[in-house]
$ cat upload.cif   # mmCIF, C-alpha atoms and all ligand atoms
data_coords
#
loop_
_atom_site.label_atom_id
_atom_site.label_comp_id
_atom_site.auth_asym_id
_atom_site.auth_seq_id
_atom_site.Cartn_x
_atom_site.Cartn_y
_atom_site.Cartn_z
CA MET A 1 0.00 0.00 0.00
CA PRO A 2 1.70 3.27 -1.06
CA ILE A 3 0.62 5.41 1.91
CA LYS A 4 3.65 7.24 3.17
CA ASN A 5 5.50 4.82 5.48
CA ARG A 6 6.26 7.55 7.98
CA PHE A 7 2.55 7.77 8.79
CA ALA A 8 2.38 4.06 9.59
CA GLU A 9 5.12 4.75 12.19
CA LEU A 10 3.37 7.88 13.46
CA LEU A 11 -0.09 6.26 13.65
CA PRO A 12 -0.02 5.37 17.39
CA GLU A 13 1.07 8.93 18.26
CA ILE A 14 -1.49 10.63 16.00
CA THR A 15 -4.21 8.30 17.33
CA GLU A 16 -3.30 9.34 20.87
CA TRP A 17 -3.74 13.04 19.92
CA ARG A 18 -7.10 12.20 18.35
CA HIS A 19 -8.35 10.39 21.44
CA ASP A 20 -7.22 13.26 23.67
CA PHE A 21 -9.14 15.78 21.50
CA HIS A 22 -12.10 13.40 21.56
CA ARG A 23 -12.10 13.33 25.39
CA HIS A 24 -12.13 17.12 25.53
CA PRO A 25 -14.58 18.45 22.92
CA GLU A 26 -15.05 22.23 22.68
CA LEU A 27 -17.81 24.12 20.91
CA MET A 28 -17.81 26.93 18.33
CA TYR A 29 -15.15 29.58 19.04
CA GLU A 30 -14.45 28.22 22.55
CA VAL A 31 -11.78 25.81 21.29
CA HIS A 32 -9.13 27.22 23.65
CA ARG A 33 -7.65 23.94 24.87
CA THR A 34 -7.60 22.37 21.39
CA ALA A 35 -6.08 25.46 19.76
CA GLY A 36 -3.50 25.67 22.56
CA ILE A 37 -2.39 22.06 21.98
CA VAL A 38 -2.30 22.58 18.21
CA ALA A 39 -0.08 25.66 18.57
CA GLU A 40 2.19 23.91 21.09
CA LYS A 41 2.66 20.90 18.80
CA LEU A 42 3.33 23.04 15.72
CA ARG A 43 6.09 24.81 17.68
CA GLU A 44 7.46 21.46 18.88
CA PHE A 45 7.57 20.19 15.26
CA GLY A 46 9.68 23.22 14.33
CA CYS A 47 7.21 25.16 12.19
CA ASP A 48 8.78 28.41 10.97
CA GLU A 49 5.90 30.49 12.26
CA VAL A 50 2.91 29.80 14.52
CA VAL A 51 0.21 32.43 14.88
CA GLU A 52 -2.66 32.09 17.36
CA GLY A 53 -5.90 34.03 17.61
CA VAL A 54 -6.60 34.25 13.87
CA GLY A 55 -10.38 34.51 13.38
CA GLN A 56 -10.74 34.59 17.20
CA THR A 57 -9.37 31.15 18.15
CA GLY A 58 -7.92 29.84 14.86
CA VAL A 59 -4.27 28.77 14.61
CA VAL A 60 -1.95 29.17 11.61
CA GLY A 61 1.32 27.26 11.13
CA VAL A 62 3.87 28.02 8.42
CA ILE A 63 6.41 25.47 7.11
CA LYS A 64 9.00 26.55 4.56
CA GLY A 65 10.23 23.97 2.06
CA ARG A 66 13.83 22.99 1.48
CA GLU A 67 13.70 25.38 -1.48
CA ASN A 68 11.58 28.40 -2.24
CA GLY A 69 12.28 29.09 -5.91
CA SER A 70 8.62 28.57 -6.79
CA GLY A 71 7.40 31.24 -4.36
CA LYS A 72 4.21 29.18 -4.17
CA VAL A 73 2.06 28.90 -1.05
CA ILE A 74 -0.37 26.03 -0.44
CA ALA A 75 -2.79 26.10 2.48
CA LEU A 76 -4.25 22.99 4.15
CA ARG A 77 -7.23 23.38 6.45
CA ALA A 78 -8.74 21.42 9.36
CA ASP A 79 -11.62 22.29 11.69
CA MET A 80 -11.31 21.92 15.49
CA ASP A 81 -14.83 22.32 16.96
CA ALA A 82 -17.26 19.72 18.35
CA LEU A 83 -21.07 19.55 18.61
CA PRO A 84 -23.61 20.01 21.43
CA ILE A 85 -24.55 16.31 21.47
CA HIS A 86 -24.35 13.86 24.40
CA GLU A 87 -22.03 11.02 23.34
CA GLN A 88 -23.35 7.44 23.22
CA THR A 89 -20.43 5.60 21.60
CA GLY A 90 -19.30 3.84 24.79
CA VAL A 91 -15.63 4.08 23.70
CA GLY A 92 -12.94 4.23 26.40
CA TYR A 93 -11.91 7.72 25.34
CA ALA A 94 -15.48 9.11 25.19
CA SER A 95 -16.21 12.79 25.84
CA GLU A 96 -15.61 13.90 29.42
CA THR A 97 -17.79 16.97 28.87
CA PRO A 98 -21.50 16.15 29.23
CA GLY A 99 -23.52 17.50 26.31
CA ALA A 100 -20.55 18.00 23.98
CA MET A 101 -18.93 15.53 21.61
CA HIS A 102 -16.79 15.25 18.51
CA ALA A 103 -19.69 13.91 16.44
CA CYS A 104 -18.42 15.23 13.10
CA GLY A 105 -14.85 13.89 13.27
CA HIS A 106 -13.13 17.27 13.54
CA ASP A 107 -10.89 15.63 16.18
CA GLY A 108 -9.71 13.35 13.34
CA HIS A 109 -9.29 16.23 10.88
CA THR A 110 -7.19 18.23 13.35
CA SER A 111 -5.04 15.20 14.22
CA MET A 112 -4.47 14.30 10.55
CA LEU A 113 -3.37 17.84 9.70
CA LEU A 114 -1.06 17.82 12.75
CA GLY A 115 0.37 14.50 11.52
CA ALA A 116 1.01 16.01 8.09
CA ALA A 117 2.60 19.05 9.77
CA LYS A 118 4.98 16.83 11.73
CA TYR A 119 6.02 14.97 8.56
CA LEU A 120 6.35 18.12 6.42
CA SER A 121 8.44 19.85 9.13
CA GLU A 122 10.78 16.82 9.23
CA THR A 123 11.13 16.27 5.49
CA ARG A 124 10.64 19.73 3.92
CA ASN A 125 10.75 17.95 0.59
CA PHE A 126 9.04 20.74 -1.35
CA ASP A 127 9.82 23.99 -3.13
CA GLY A 128 7.57 26.64 -1.60
CA THR A 129 5.60 27.23 1.61
CA VAL A 130 2.84 25.33 3.41
CA VAL A 131 0.30 27.21 5.51
CA LEU A 132 -1.71 25.12 7.97
CA LEU A 133 -5.11 26.53 8.87
CA PHE A 134 -6.80 25.20 12.03
CA GLN A 135 -10.20 26.87 12.25
CA PRO A 136 -12.80 27.18 15.01
CA ALA A 137 -16.60 27.19 14.70
CA GLU A 138 -17.26 25.19 11.54
CA GLU A 139 -20.56 23.96 13.03
CA GLY A 140 -22.70 27.01 12.36
CA GLY A 141 -20.34 29.74 13.57
CA ALA A 142 -18.63 30.54 10.24
CA GLY A 143 -15.13 30.19 11.71
CA GLY A 144 -13.76 29.81 8.18
CA LYS A 145 -15.22 33.20 7.30
CA ALA A 146 -13.75 34.68 10.50
CA MET A 147 -10.27 33.53 9.44
CA VAL A 148 -10.71 34.86 5.87
CA ASP A 149 -12.09 38.17 7.23
CA ASP A 150 -9.06 38.32 9.51
CA GLY A 151 -6.98 38.41 6.32
CA VAL A 152 -5.44 34.95 6.57
CA MET A 153 -5.24 34.42 2.80
CA ASP A 154 -3.50 37.75 2.07
CA ARG A 155 -1.34 37.77 5.19
CA PHE A 156 0.22 34.42 4.28
CA ASP A 157 0.07 34.92 0.46
CA VAL A 158 -1.94 31.73 -0.04
CA ASP A 159 -2.25 30.59 -3.69
CA GLU A 160 -4.36 27.43 -3.26
CA VAL A 161 -6.29 25.84 -0.40
CA TYR A 162 -7.31 22.23 0.31
CA GLY A 163 -9.68 20.91 2.97
CA MET A 164 -10.82 17.41 3.91
CA HIS A 165 -13.80 15.84 5.68
CA ASN A 166 -14.38 12.24 6.66
CA GLY A 167 -17.30 10.47 5.00
CA PRO A 168 -19.33 7.84 6.91
CA GLY A 169 -20.63 5.26 4.44
CA ILE A 170 -17.57 5.72 2.20
CA PRO A 171 -15.19 2.74 2.65
CA ILE A 172 -11.85 3.33 4.41
CA GLY A 173 -9.18 4.04 1.79
CA HIS A 174 -11.66 5.64 -0.59
CA PHE A 175 -11.55 9.29 -1.69
CA VAL A 176 -14.43 11.29 -3.09
CA THR A 177 -14.70 14.75 -4.61
CA ARG A 178 -15.88 16.63 -7.71
CA ALA A 179 -15.17 19.76 -9.73
CA GLY A 180 -17.72 22.57 -9.32
CA PRO A 181 -20.41 22.63 -6.62
CA LEU A 182 -19.85 19.91 -3.99
CA GLN A 183 -22.02 21.11 -1.10
CA ALA A 184 -25.01 23.44 -1.00
CA SER A 185 -25.38 26.96 0.35
CA SER A 186 -27.53 27.26 3.44
CA ASP A 187 -29.67 30.37 4.10
CA GLU A 188 -32.54 30.74 6.56
CA PHE A 189 -35.64 32.89 6.64
CA ASP A 190 -38.38 34.01 9.04
CA ILE A 191 -41.75 35.09 7.67
CA ILE A 192 -43.96 36.95 10.14
CA VAL A 193 -47.55 37.27 8.96
CA THR A 194 -50.01 39.65 10.62
CA GLY A 195 -53.73 39.43 9.87
CA LEU A 196 -56.58 40.35 12.20
CA GLY A 197 -57.42 38.02 15.08
CA GLY A 198 -60.98 37.31 16.03
CA HIS A 199 -63.71 34.83 16.94
CA ALA A 200 -63.56 31.51 15.13
CA ALA A 201 -67.29 31.70 14.46
CA GLU A 202 -67.04 35.13 12.76
CA PRO A 203 -64.24 34.78 10.17
CA HIS A 204 -65.72 37.57 8.01
CA LYS A 205 -64.80 40.06 10.76
CA ALA A 206 -61.17 38.83 10.91
CA VAL A 207 -58.22 38.25 8.58
CA ASP A 208 -57.37 34.60 9.19
CA THR A 209 -53.59 34.62 9.60
CA THR A 210 -53.39 30.80 9.74
CA LEU A 211 -55.02 30.55 6.33
CA VAL A 212 -52.84 33.30 4.83
CA ALA A 213 -49.66 31.72 6.23
CA SER A 214 -50.80 28.32 4.90
CA GLN A 215 -51.23 29.80 1.41
CA ILE A 216 -47.72 31.25 1.71
CA VAL A 217 -46.28 27.82 2.59
CA VAL A 218 -47.97 26.19 -0.40
CA SER A 219 -46.93 29.00 -2.76
CA LEU A 220 -43.29 29.00 -1.59
CA HIS A 221 -42.99 25.43 -2.89
CA ASN A 222 -43.98 26.67 -6.34
CA ILE A 223 -40.72 28.65 -6.45
CA VAL A 224 -38.63 25.48 -6.65
CA ALA A 225 -41.10 23.88 -9.09
CA ARG A 226 -41.66 26.87 -11.40
CA ASN A 227 -38.94 29.56 -10.99
CA VAL A 228 -35.77 27.54 -10.49
CA ASP A 229 -33.93 26.16 -13.52
CA PRO A 230 -34.72 22.42 -13.36
CA LEU A 231 -31.01 21.63 -13.79
CA ASN A 232 -30.09 23.71 -10.71
CA ARG A 233 -30.93 21.83 -7.56
CA VAL A 234 -32.64 23.87 -4.84
CA VAL A 235 -34.26 22.72 -1.60
CA LEU A 236 -36.75 24.92 0.23
CA THR A 237 -38.11 23.64 3.54
CA VAL A 238 -40.48 25.42 5.92
CA GLY A 239 -39.37 23.95 9.24
CA THR A 240 -41.66 25.67 11.73
CA PHE A 241 -45.17 27.17 11.66
CA GLU A 242 -46.42 28.83 14.85
CA THR A 243 -49.42 31.05 15.47
CA ASP A 244 -50.49 33.05 18.50
CA SER A 245 -53.79 31.18 18.79
CA ASN A 246 -53.89 28.44 21.38
CA ALA A 247 -57.59 27.58 21.23
CA THR A 248 -59.95 26.06 18.66
CA ASN A 249 -62.29 29.06 18.82
CA ILE A 250 -59.69 31.79 18.16
CA ILE A 251 -58.54 33.06 14.78
CA ALA A 252 -54.83 33.84 15.04
CA HIS A 253 -53.60 37.41 14.74
CA THR A 254 -49.97 36.55 13.88
CA ALA A 255 -48.10 33.59 12.49
CA LYS A 256 -44.42 32.89 12.15
CA LEU A 257 -42.86 30.58 9.58
CA THR A 258 -39.18 29.70 9.56
CA GLY A 259 -37.29 27.73 6.97
CA THR A 260 -34.10 26.97 5.11
CA VAL A 261 -33.00 27.26 1.49
CA ARG A 262 -30.20 25.11 0.04
CA CYS A 263 -28.74 25.77 -3.43
CA LEU A 264 -25.97 24.27 -5.55
CA ASP A 265 -25.81 27.23 -7.93
CA PRO A 266 -24.58 30.59 -6.54
CA GLU A 267 -26.63 32.63 -9.08
CA GLU A 268 -29.81 30.74 -8.28
CA ARG A 269 -29.06 31.31 -4.59
CA ASP A 270 -28.81 35.08 -5.14
CA GLN A 271 -32.40 35.16 -6.41
CA MET A 272 -34.06 33.15 -3.65
CA GLN A 273 -34.48 35.97 -1.11
CA GLY A 274 -36.27 38.16 -3.68
CA ARG A 275 -38.51 35.31 -4.84
CA ILE A 276 -39.54 34.32 -1.31
CA THR A 277 -40.21 37.95 -0.34
CA ARG A 278 -42.31 38.57 -3.47
CA VAL A 279 -44.47 35.48 -2.92
CA ALA A 280 -44.99 36.17 0.79
CA GLU A 281 -45.85 39.84 0.24
CA GLY A 282 -48.13 39.11 -2.72
CA ILE A 283 -50.12 36.41 -0.95
CA ALA A 284 -50.45 38.50 2.22
CA ALA A 285 -51.66 41.54 0.24
CA ALA A 286 -54.22 39.43 -1.63
CA PHE A 287 -55.88 38.49 1.68
CA GLY A 288 -55.50 41.84 3.47
CA ALA A 289 -52.64 40.76 5.74
CA THR A 290 -49.13 42.15 6.09
CA VAL A 291 -45.86 40.31 6.13
CA GLU A 292 -42.25 40.79 7.19
CA VAL A 293 -39.51 38.60 5.70
CA VAL A 294 -36.21 38.38 7.62
CA TRP A 295 -33.32 36.81 5.74
CA HIS A 296 -30.40 35.10 7.53
CA PRO A 297 -27.59 34.44 5.03
CA GLY A 298 -25.56 31.32 5.86
CA TYR A 299 -22.72 29.35 4.27
CA PRO A 300 -22.16 29.83 0.51
CA VAL A 301 -22.09 27.01 -2.07
CA THR A 302 -18.88 24.92 -1.76
CA VAL A 303 -17.43 25.32 -5.25
CA ASN A 304 -14.31 23.30 -6.10
CA ASP A 305 -11.85 24.59 -8.68
CA ALA A 306 -11.58 22.08 -11.55
CA THR A 307 -7.77 22.24 -11.79
CA ALA A 308 -7.33 21.92 -8.02
CA VAL A 309 -9.60 18.86 -8.09
CA GLU A 310 -7.37 17.30 -10.77
CA HIS A 311 -4.33 17.86 -8.54
CA ALA A 312 -6.17 16.45 -5.52
CA VAL A 313 -7.25 13.35 -7.45
CA GLU A 314 -3.69 12.71 -8.68
CA ALA A 315 -2.30 13.09 -5.15
CA ALA A 316 -4.97 10.75 -3.73
CA ARG A 317 -4.23 8.07 -6.35
CA ALA A 318 -0.50 8.40 -5.71
CA VAL A 319 -0.95 7.47 -2.03
CA GLY A 320 -3.14 4.47 -2.88
CA LEU A 321 -6.60 5.91 -2.30
CA GLU A 322 -9.46 4.50 -4.37
CA VAL A 323 -10.78 7.66 -6.11
CA ASP A 324 -14.22 8.80 -7.25
CA GLY A 325 -13.45 12.19 -8.79
CA ASP A 326 -17.00 12.92 -9.95
CA THR A 327 -19.29 12.20 -7.01
CA ARG A 328 -22.84 13.54 -6.62
CA PRO A 329 -23.04 16.87 -4.74
CA ILE A 330 -24.72 16.84 -1.32
CA MET A 331 -27.14 19.35 0.22
CA PRO A 332 -25.61 19.88 3.73
CA SER A 333 -23.39 22.97 3.81
CA GLU A 334 -19.79 23.57 4.84
CA ASP A 335 -17.97 26.73 5.82
CA PHE A 336 -14.79 25.81 3.89
CA SER A 337 -16.84 27.54 1.13
CA TYR A 338 -15.58 30.92 2.40
CA MET A 339 -11.98 29.81 1.87
CA LEU A 340 -12.87 28.56 -1.62
CA GLU A 341 -14.46 31.94 -2.40
CA ALA A 342 -11.18 33.58 -1.39
CA ARG A 343 -8.79 31.20 -3.21
CA PRO A 344 -9.01 28.33 -5.74
CA GLY A 345 -8.87 24.95 -4.12
CA ALA A 346 -10.66 21.69 -3.45
CA TYR A 347 -12.71 20.11 -0.71
CA VAL A 348 -12.50 16.32 -0.53
CA PHE A 349 -13.92 13.42 1.48
CA ILE A 350 -12.06 10.38 2.74
CA GLY A 351 -13.85 7.20 3.73
CA ASN A 352 -14.78 6.68 7.38
CA GLY A 353 -16.19 3.18 6.75
CA ASP A 354 -19.51 1.80 7.92
CA THR A 355 -20.09 4.13 10.90
CA ALA A 356 -23.06 6.11 12.20
CA MET A 357 -23.63 9.34 10.26
CA CYS A 358 -21.98 12.62 11.29
CA HIS A 359 -23.94 14.49 14.02
CA HIS A 360 -25.26 11.21 15.49
CA PRO A 361 -24.50 10.42 19.18
CA LYS A 362 -22.98 7.06 18.12
CA TYR A 363 -20.78 8.51 15.38
CA ASN A 364 -17.03 8.10 15.77
CA PHE A 365 -14.07 8.97 13.56
CA ASP A 366 -12.26 5.81 12.40
CA ASP A 367 -8.53 5.92 13.23
CA GLU A 368 -7.79 3.65 10.28
CA ALA A 369 -8.43 6.68 8.05
CA ILE A 370 -5.53 8.60 9.62
CA PRO A 371 -2.62 7.35 7.43
CA TYR A 372 -4.67 8.06 4.29
CA GLY A 373 -5.63 11.58 5.32
CA CYS A 374 -2.09 12.48 6.41
CA SER A 375 -0.60 10.97 3.25
CA PHE A 376 -2.98 12.94 1.03
CA PHE A 377 -2.13 16.24 2.74
CA ALA A 378 1.61 15.58 2.46
CA GLU A 379 1.40 14.33 -1.12
CA ILE A 380 -0.54 17.32 -2.44
CA VAL A 381 2.19 19.59 -1.07
CA GLU A 382 5.06 17.55 -2.53
CA ARG A 383 3.28 17.20 -5.89
CA ARG A 384 2.19 20.83 -6.29
CA MET A 385 5.60 22.19 -5.22
CA PRO A 386 8.16 19.57 -6.34
CA VAL A 387 11.83 20.04 -5.54
CA ALA A 388 13.88 20.15 -8.75
CA LYS A 389 15.87 16.91 -9.08
ZN ZN B 1 -20.69 18.68 11.15
ZN ZN B 2 -17.86 18.43 9.98
#

$ encode --input "upload.cif" --output "structure tokens" --more "lines below"
Ligand SMILES: [Zn+2]
Ligand SMILES: [Zn+2]
Amino acid sequence: MPIKNRFAELLPEITEWRHDFHRHPELMYEVHRTAGIVAEKLREFGCDEVVEGVGQTGVVGVIKGRENGSGKVIALRADMDALPIHEQTGVGYASETPGAMHACGHDGHTSMLLGAAKYLSETRNFDGTVVLLFQPAEEGGAGGKAMVDDGVMDRFDVDEVYGMHNGPGIPIGHFVTRAGPLQASSDEFDIIVTGLGGHAAEPHKAVDTTLVASQIVVSLHNIVARNVDPLNRVVLTVGTFETDSNATNIIAHTAKLTGTVRCLDPEERDQMQGRITRVAEGIAAAFGATVEVVWHPGYPVTVNDATAVEHAVEAARAVGLEVDGDTRPIMPSEDFSYMLEARPGAYVFIGNGDTAMCHHPKYNFDDEAIPYGCSFFAEIVERRMPVAK
């Protein structure tokens, strides 16, 4: 198996780091312990520069190659945060913090990038510079955006960026990605409808907010069916519907709908707020009600650069991964998108085997994936910035 032999030797050590992170999960931007250990290890490995507090609690490590004739800079990214879930795996190194757990495998991502950092600091077998990005708050806090907004790409002159996530259901040793959109954008909306409350037996004296809001829900689904290009996948879901009536004989005065919109096409995404607002306002006006639409923009579409994907696929094959370079996109979102908006690059998945899905209390990262993930990170660096023979 052509994984880099050094990672077979380092596996027990990297696994120990992973289990330690797993025992001590931290949420959102509060990844102080994790970030502290990451920074300490990067210094111990001999990184040329270690910067803490980027994007609040993010950590950046810089490793210079044996040569720097290329002037090229490649960034590799891992996420460090856990989820507010109570762990049910029963493993010996389970979370020691009730109500928090590494249920998305970010403990594995951080450990694999640290493993690659240790190897790259030892070997320096590349012509250029590697920038390691350890970000906080991937799970809904836009930590990737915080690091980009903090100027990480310009400050370290990054040319290309690569990120990796584990994939439950994908066999160990397999590698999956695609050029173009890989994961959907995720925006949320609130629609507050105000009619005129009244007696259930006298609807003609009221404006029935429940009925108006119901018409809005039905009409919103026509947007995906009739306005969206059929080749551009969009999901619109109304997740909650609440009114201020709590009795059978009261017509509600106000109703609140909340929902999410997922898109795989950035241009289609840009039009969704206007479409939803127009439908909600039009329906409300038709029935004599008023409406307020509040838009909460979330993570953008994860768009992989086609050339970067080719490089990633070549690197994955070279370290013995079984590659699917044209997988189907998926609708969950990912905040690596902000880094891909800032620089060309690729997001990839490596197999986590037959485990529970991410965000499940029985999910666990599979340590057998570690040598593959580390080898991929190291190989992409050595391949994109080869030392002249
Ligand atoms: Zn997650
Ligand atoms: Zn994740």

$ residues_near_ligand --input "upload.cif" --ligand "ligand ZN 1 (chain B)" --cutoff "7 Å" --atoms "all atoms listed in the file" --output "list of chain:residue names"
A:Cys104, A:Glu139, A:Cys358, A:His359

$ residues_near_ligand --input "upload.cif" --ligand "ligand ZN 2 (chain B)" --cutoff "8 Å" --atoms "only C-alpha atoms and all ligand atoms" --output "list in words"
Asp79, Cys104, Gly105, His106, Glu138, Glu139, His165, Asn166, Glu334 and Cys358 of chain A

$ residues_around --input "upload.cif" --residues "Ala356 of chain A" --least-positions-apart "6" --cutoff "10 Å" --atoms "all atoms listed in the file" --output "PyMOL selection string"
chain A and resi 89+103+168-169+362-365

$ write_last_selection --input "upload.cif" --atoms "C-alpha atoms" --output "mmCIF file, in the coordinates of the input"
data_model
loop_
_atom_site.group_PDB
_atom_site.id
_atom_site.type_symbol
_atom_site.label_atom_id
_atom_site.label_comp_id
_atom_site.auth_asym_id
_atom_site.auth_seq_id
_atom_site.Cartn_x
_atom_site.Cartn_y
_atom_site.Cartn_z
ATOM 1 C CA THR A 89 -20.430 5.600 21.600
ATOM 2 C CA ALA A 103 -19.690 13.910 16.440
ATOM 3 C CA PRO A 168 -19.330 7.840 6.910
ATOM 4 C CA GLY A 169 -20.630 5.260 4.440
ATOM 5 C CA LYS A 362 -22.980 7.060 18.120
ATOM 6 C CA TYR A 363 -20.780 8.510 15.380
ATOM 7 C CA ASN A 364 -17.030 8.100 15.770
ATOM 8 C CA PHE A 365 -14.070 8.970 13.560
#

$ atom_distance --input "upload.cif" --atom1 "atom CA of Thr254 of chain A" --atom2 "atom CA of Val293 of chain A"
13.4 Å

$ atom_distance --input "upload.cif" --atom1 "atom CA of Asp265 of chain A" --atom2 "atom CA of Val234 of chain A"
8.2 Å

$ residues_near_point --input "upload.cif" --point "(-42.4, 28.0, -3.5)" --cutoff "10 Å" --atoms "all atoms listed in the file" --output "VMD selection string"
chain A and resid 216 to 228 235 to 238 272 275 to 276 279 to 280

$ write_last_selection --input "upload.cif" --atoms "C-alpha atoms" --output "PDB file, in the frame of the given file"
ATOM      1  CA  ILE A 216     -47.720  31.250   1.710  1.00  0.00           C
ATOM      2  CA  VAL A 217     -46.280  27.820   2.590  1.00  0.00           C
ATOM      3  CA  VAL A 218     -47.970  26.190  -0.400  1.00  0.00           C
ATOM      4  CA  SER A 219     -46.930  29.000  -2.760  1.00  0.00           C
ATOM      5  CA  LEU A 220     -43.290  29.000  -1.590  1.00  0.00           C
ATOM      6  CA  HIS A 221     -42.990  25.430  -2.890  1.00  0.00           C
ATOM      7  CA  ASN A 222     -43.980  26.670  -6.340  1.00  0.00           C
ATOM      8  CA  ILE A 223     -40.720  28.650  -6.450  1.00  0.00           C
ATOM      9  CA  VAL A 224     -38.630  25.480  -6.650  1.00  0.00           C
ATOM     10  CA  ALA A 225     -41.100  23.880  -9.090  1.00  0.00           C
ATOM     11  CA  ARG A 226     -41.660  26.870 -11.400  1.00  0.00           C
ATOM     12  CA  ASN A 227     -38.940  29.560 -10.990  1.00  0.00           C
ATOM     13  CA  VAL A 228     -35.770  27.540 -10.490  1.00  0.00           C
ATOM     14  CA  VAL A 235     -34.260  22.720  -1.600  1.00  0.00           C
ATOM     15  CA  LEU A 236     -36.750  24.920   0.230  1.00  0.00           C
ATOM     16  CA  THR A 237     -38.110  23.640   3.540  1.00  0.00           C
ATOM     17  CA  VAL A 238     -40.480  25.420   5.920  1.00  0.00           C
ATOM     18  CA  MET A 272     -34.060  33.150  -3.650  1.00  0.00           C
ATOM     19  CA  ARG A 275     -38.510  35.310  -4.840  1.00  0.00           C
ATOM     20  CA  ILE A 276     -39.540  34.320  -1.310  1.00  0.00           C
ATOM     21  CA  VAL A 279     -44.470  35.480  -2.920  1.00  0.00           C
ATOM     22  CA  ALA A 280     -44.990  36.170   0.790  1.00  0.00           C
TER      23      ALA A 280
END

$ residues_around --input "upload.cif" --residues "Glu49 of chain A" --least-positions-apart "6" --cutoff "12 Å" --atoms "only C-alpha atoms" --output "compact mmCIF listing (two decimals) with C-alpha atoms, keeping the file's coordinate frame"
# COMPACT_ATOMS: atom_id res chain seq x y z
CA ALA A 39 -0.08 25.66 18.57
CA GLU A 40 2.19 23.91 21.09
CA LEU A 42 3.33 23.04 15.72
CA ARG A 43 6.09 24.81 17.68
CA VAL A 59 -4.27 28.77 14.61
CA VAL A 60 -1.95 29.17 11.61
CA GLY A 61 1.32 27.26 11.13
CA VAL A 62 3.87 28.02 8.42
CA ILE A 63 6.41 25.47 7.11
CA LYS A 64 9.00 26.55 4.56
CA SER A 121 8.44 19.85 9.13
CA THR A 129 5.60 27.23 1.61
CA VAL A 130 2.84 25.33 3.41
CA VAL A 131 0.30 27.21 5.51
CA LEU A 132 -1.71 25.12 7.97
CA PHE A 156 0.22 34.42 4.28

$ atom_distance --input "upload.cif" --atom1 "atom CA of Val348 of chain A" --atom2 "atom CA of Tyr162 of chain A"
7.9 Å

$ closest_residue --input "upload.cif" --among "A:Tyr93, A:Phe126, A:Phe7, A:Phe175" --to "Gly353 of chain A" --atoms "all atoms listed in the file"
A:Phe175

$ closest_residue --input "upload.cif" --among "A:Arg23, A:Lys118, A:His204, A:Arg66" --to "Val38 of chain A" --atoms "only C-alpha atoms"
A:Lys118

$ residues_near_point --input "upload.cif" --point "(-18.2, 25.6, -5.3)" --cutoff "6 Å" --atoms "all atoms listed in the file" --output "VMD selection string"
chain A and resid 180 to 181 301 to 304

$ closest_residue --input "upload.cif" --among "A:Leu76, A:Leu120, A:Ala284, A:Leu11" --to "Glu382 of chain A" --atoms "all atoms listed in the file"
A:Leu120

$ closest_residue --input "upload.cif" --among "A:Glu30, A:Val212, A:Gly325, A:Val161" --to "Glu281 of chain A" --atoms "all atoms listed in the file"
A:Val212

$ closest_residue --input "upload.cif" --among "A:Leu27, A:Ala35, A:Leu133, A:Leu182" --to "Ala100 of chain A" --atoms "all atoms listed in the file"
A:Leu27

$ closest_residue --input "upload.cif" --among "A:Ser111, A:Thr248, A:Thr177, A:Thr290" --to "Asp326 of chain A" --atoms "only C-alpha atoms"
A:Thr177

$ build_atoms --input "upload.cif" --residues "segment 304-310 of chain A" --atoms "N, CA, C and O atoms" --output "mmCIF file, in the frame of the given file"
data_model
loop_
_atom_site.group_PDB
_atom_site.id
_atom_site.type_symbol
_atom_site.label_atom_id
_atom_site.label_comp_id
_atom_site.auth_asym_id
_atom_site.auth_seq_id
_atom_site.Cartn_x
_atom_site.Cartn_y
_atom_site.Cartn_z
ATOM 1 N N ASN A 304 -15.682 23.748 -5.888
ATOM 2 C CA ASN A 304 -14.310 23.300 -6.100
ATOM 3 C C ASN A 304 -13.783 23.772 -7.446
ATOM 4 O O ASN A 304 -14.481 23.709 -8.460
ATOM 5 N N ASP A 305 -12.531 24.208 -7.451
ATOM 6 C CA ASP A 305 -11.850 24.590 -8.680
ATOM 7 C C ASP A 305 -11.478 23.328 -9.459
ATOM 8 O O ASP A 305 -10.916 22.392 -8.885
ATOM 9 N N ALA A 306 -11.776 23.306 -10.754
ATOM 10 C CA ALA A 306 -11.580 22.080 -11.550
ATOM 11 C C ALA A 306 -10.117 21.647 -11.580
ATOM 12 O O ALA A 306 -9.811 20.453 -11.464
ATOM 13 N N THR A 307 -9.192 22.603 -11.725
ATOM 14 C CA THR A 307 -7.770 22.240 -11.790
ATOM 15 C C THR A 307 -7.294 21.726 -10.433
ATOM 16 O O THR A 307 -6.560 20.737 -10.358
ATOM 17 N N ALA A 308 -7.717 22.374 -9.365
ATOM 18 C CA ALA A 308 -7.330 21.920 -8.020
ATOM 19 C C ALA A 308 -7.850 20.508 -7.767
ATOM 20 O O ALA A 308 -7.168 19.689 -7.130
ATOM 21 N N VAL A 309 -9.054 20.210 -8.254
ATOM 22 C CA VAL A 309 -9.600 18.860 -8.090
ATOM 23 C C VAL A 309 -8.729 17.851 -8.834
ATOM 24 O O VAL A 309 -8.433 16.768 -8.309
ATOM 25 N N GLU A 310 -8.268 18.206 -10.042
ATOM 26 C CA GLU A 310 -7.370 17.300 -10.770
ATOM 27 C C GLU A 310 -6.111 17.006 -9.953
ATOM 28 O O GLU A 310 -5.681 15.861 -9.850
#
